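Shown next, in C-alpha cells, is the structure this report addresses.
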Amino acid sequence: MSDPRRNEEGYLDLTAYHGTKSIIQEENEAERKNKDLIHTFRLLADMAGFEIVGRITIKHKKTGRVFR
C-alpha cells in the first residue's frame with residue numbers, strides 16, 4: 001500500500017492528507033467491523049451446526065458502504 005501522505009507524483013501533500021485522514025480512518029474502521037461481523041456470523045453458524053456457503057452482503061448504515 002502506498003503512503004497516504006504522498007500524492008500521485010510521490011511528493012508529500014500533508015494538506016490533502018490531513019483533509020482526508022478522518023475519512024480514511026472511518027473507512028478502515030468500517031472495513032475492520034465488517035471482517036469482525038463476518039467472522040462472528042461464521043462462528044455462530046458453526047456453533048449451530050451450519051456453515052455459510054454463499055456470499056454475505058451487508059451495508060454499513062452510517063456510511064452507506066456495501067460489503068460483499
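Going through the C-alpha cells in order, the chains are called A, B, and so on, while each chain numbers its residues from 1 and the ligands are numbered from 1 in the order shown.
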
Within 12 Å of Glu29 of chain A using only C-alpha atoms, minus same-chain residues under 4 positions, as a list in words: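 Residues near the query, excluding close chain neighbours: Ser22, Ile23, Ile24, Gln25, Lys33, Asn34, Lys35, Asp36, His60, Lys62, Thr63 and Arg65 of chain A.
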
Could those residues be written to a file, using all heavy atoms, as a compact mmCIF listing (two decimals), in the first residue's frame?
# COMPACT_ATOMS: atom_id res chain seq x y z
N SER A 22 -9.46 11.66 8.40
CA SER A 22 -10.59 11.14 9.17
C SER A 22 -11.49 10.23 8.32
O SER A 22 -12.02 9.24 8.80
CB SER A 22 -11.41 12.28 9.78
OG SER A 22 -11.97 13.07 8.75
N ILE A 23 -11.62 10.57 7.03
CA ILE A 23 -12.43 9.74 6.13
C ILE A 23 -11.77 8.38 5.94
O ILE A 23 -12.44 7.35 5.99
CB ILE A 23 -12.61 10.45 4.77
CG1 ILE A 23 -13.41 11.72 4.97
CG2 ILE A 23 -13.28 9.53 3.76
CD1 ILE A 23 -13.42 12.63 3.77
N ILE A 24 -10.47 8.39 5.74
CA ILE A 24 -9.73 7.13 5.56
C ILE A 24 -9.83 6.28 6.82
O ILE A 24 -10.06 5.07 6.74
CB ILE A 24 -8.26 7.42 5.19
CG1 ILE A 24 -8.18 8.05 3.80
CG2 ILE A 24 -7.42 6.15 5.26
CD1 ILE A 24 -6.82 8.61 3.45
N GLN A 25 -9.69 6.92 8.00
CA GLN A 25 -9.79 6.17 9.25
C GLN A 25 -11.19 5.58 9.42
O GLN A 25 -11.33 4.44 9.87
CB GLN A 25 -9.46 7.07 10.43
CG GLN A 25 -7.99 7.37 10.54
CD GLN A 25 -7.67 8.35 11.67
OE1 GLN A 25 -8.54 9.11 12.09
NE2 GLN A 25 -6.44 8.34 12.12
N LYS A 33 -14.75 -3.59 11.10
CA LYS A 33 -16.01 -4.04 11.67
C LYS A 33 -16.68 -5.07 10.77
O LYS A 33 -17.28 -6.03 11.25
CB LYS A 33 -16.95 -2.86 11.90
CG LYS A 33 -16.56 -2.01 13.08
CD LYS A 33 -17.56 -0.88 13.27
CE LYS A 33 -17.22 -0.03 14.47
NZ LYS A 33 -18.20 1.05 14.66
N ASN A 34 -16.57 -4.88 9.46
CA ASN A 34 -17.13 -5.84 8.50
C ASN A 34 -16.47 -7.20 8.67
O ASN A 34 -17.16 -8.22 8.77
CB ASN A 34 -16.95 -5.32 7.08
CG ASN A 34 -17.30 -6.35 6.04
OD1 ASN A 34 -18.40 -6.89 6.04
ND2 ASN A 34 -16.37 -6.66 5.16
N LYS A 35 -15.16 -7.23 8.74
CA LYS A 35 -14.45 -8.50 8.90
C LYS A 35 -14.82 -9.18 10.22
O LYS A 35 -15.02 -10.39 10.27
CB LYS A 35 -12.94 -8.27 8.82
CG LYS A 35 -12.46 -7.94 7.43
CD LYS A 35 -10.97 -7.72 7.37
CE LYS A 35 -10.55 -7.35 5.96
NZ LYS A 35 -9.13 -7.10 5.86
N ASP A 36 -14.93 -8.39 11.28
CA ASP A 36 -15.31 -8.94 12.58
C ASP A 36 -16.73 -9.51 12.53
O ASP A 36 -17.01 -10.57 13.10
CB ASP A 36 -15.22 -7.88 13.67
CG ASP A 36 -13.80 -7.47 14.01
OD1 ASP A 36 -12.86 -8.17 13.58
OD2 ASP A 36 -13.63 -6.45 14.71
N HIS A 60 -23.23 -0.81 5.58
CA HIS A 60 -22.96 -0.01 6.77
C HIS A 60 -23.97 1.13 6.81
O HIS A 60 -24.08 1.90 5.86
CB HIS A 60 -21.52 0.52 6.72
CG HIS A 60 -21.07 1.13 7.99
ND1 HIS A 60 -21.12 2.47 8.23
CD2 HIS A 60 -20.54 0.56 9.10
CE1 HIS A 60 -20.65 2.72 9.43
NE2 HIS A 60 -20.29 1.58 9.98
N LYS A 62 -24.17 3.93 8.60
CA LYS A 62 -23.66 5.30 8.70
C LYS A 62 -23.05 5.78 7.38
O LYS A 62 -23.32 6.89 6.94
CB LYS A 62 -22.62 5.38 9.83
CG LYS A 62 -22.12 6.78 10.08
CD LYS A 62 -21.18 6.80 11.27
CE LYS A 62 -20.65 8.21 11.51
NZ LYS A 62 -19.71 8.24 12.62
N THR A 63 -22.23 4.94 6.76
CA THR A 63 -21.53 5.36 5.55
C THR A 63 -22.26 4.98 4.27
O THR A 63 -21.97 5.53 3.21
CB THR A 63 -20.11 4.77 5.49
OG1 THR A 63 -20.21 3.34 5.41
CG2 THR A 63 -19.29 5.17 6.71
N ARG A 65 -21.78 2.27 2.76
CA ARG A 65 -20.87 1.41 2.00
C ARG A 65 -21.36 -0.03 2.05
O ARG A 65 -21.77 -0.52 3.09
CB ARG A 65 -19.48 1.50 2.61
CG ARG A 65 -18.42 0.81 1.81
CD ARG A 65 -17.05 1.13 2.32
NE ARG A 65 -16.07 0.34 1.61
CZ ARG A 65 -14.82 0.20 1.99
NH1 ARG A 65 -14.39 0.81 3.06
NH2 ARG A 65 -14.01 -0.53 1.28

Selection near Pro4 of chain A, 9 Å with only C-alpha atoms, sequence-local residues under 6 positions removed, as a PyMOL selection string: chain A and resi 12-13+17+21

Contacts of segment 37-47 of chain A within 12 Å, only C-alpha atoms, excl. fewer than 6 positions in-chain, as a list of chain:residue names: A:Ala30, A:Glu31, A:Val53, A:Gly54, A:Arg55, A:Ile56, A:Thr57, A:Ile58, A:Lys59, A:His60, A:Phe67, A:Arg68

Helix (DSSP H, G or I) positions in chain A, given as a ChimeraX atom specification: /A:14-47

DSSP strand (DSSP E or B) residues within chain A, listed as a ChimeraX atom specification: /A:6,12,58-59,66-67

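What separates atom CA of Gly64 of chain A from atom CA of Glu26 of chain A is a distance of 12.1 Å.
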
Computed interatomic separation between atom CA of Lys61 of chain A and atom CA of Ala16 of chain A (Å):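 Spanning atom CA of Lys61 of chain A to atom CA of Ala16 of chain A is a straight-line distance of 26.5 Å.
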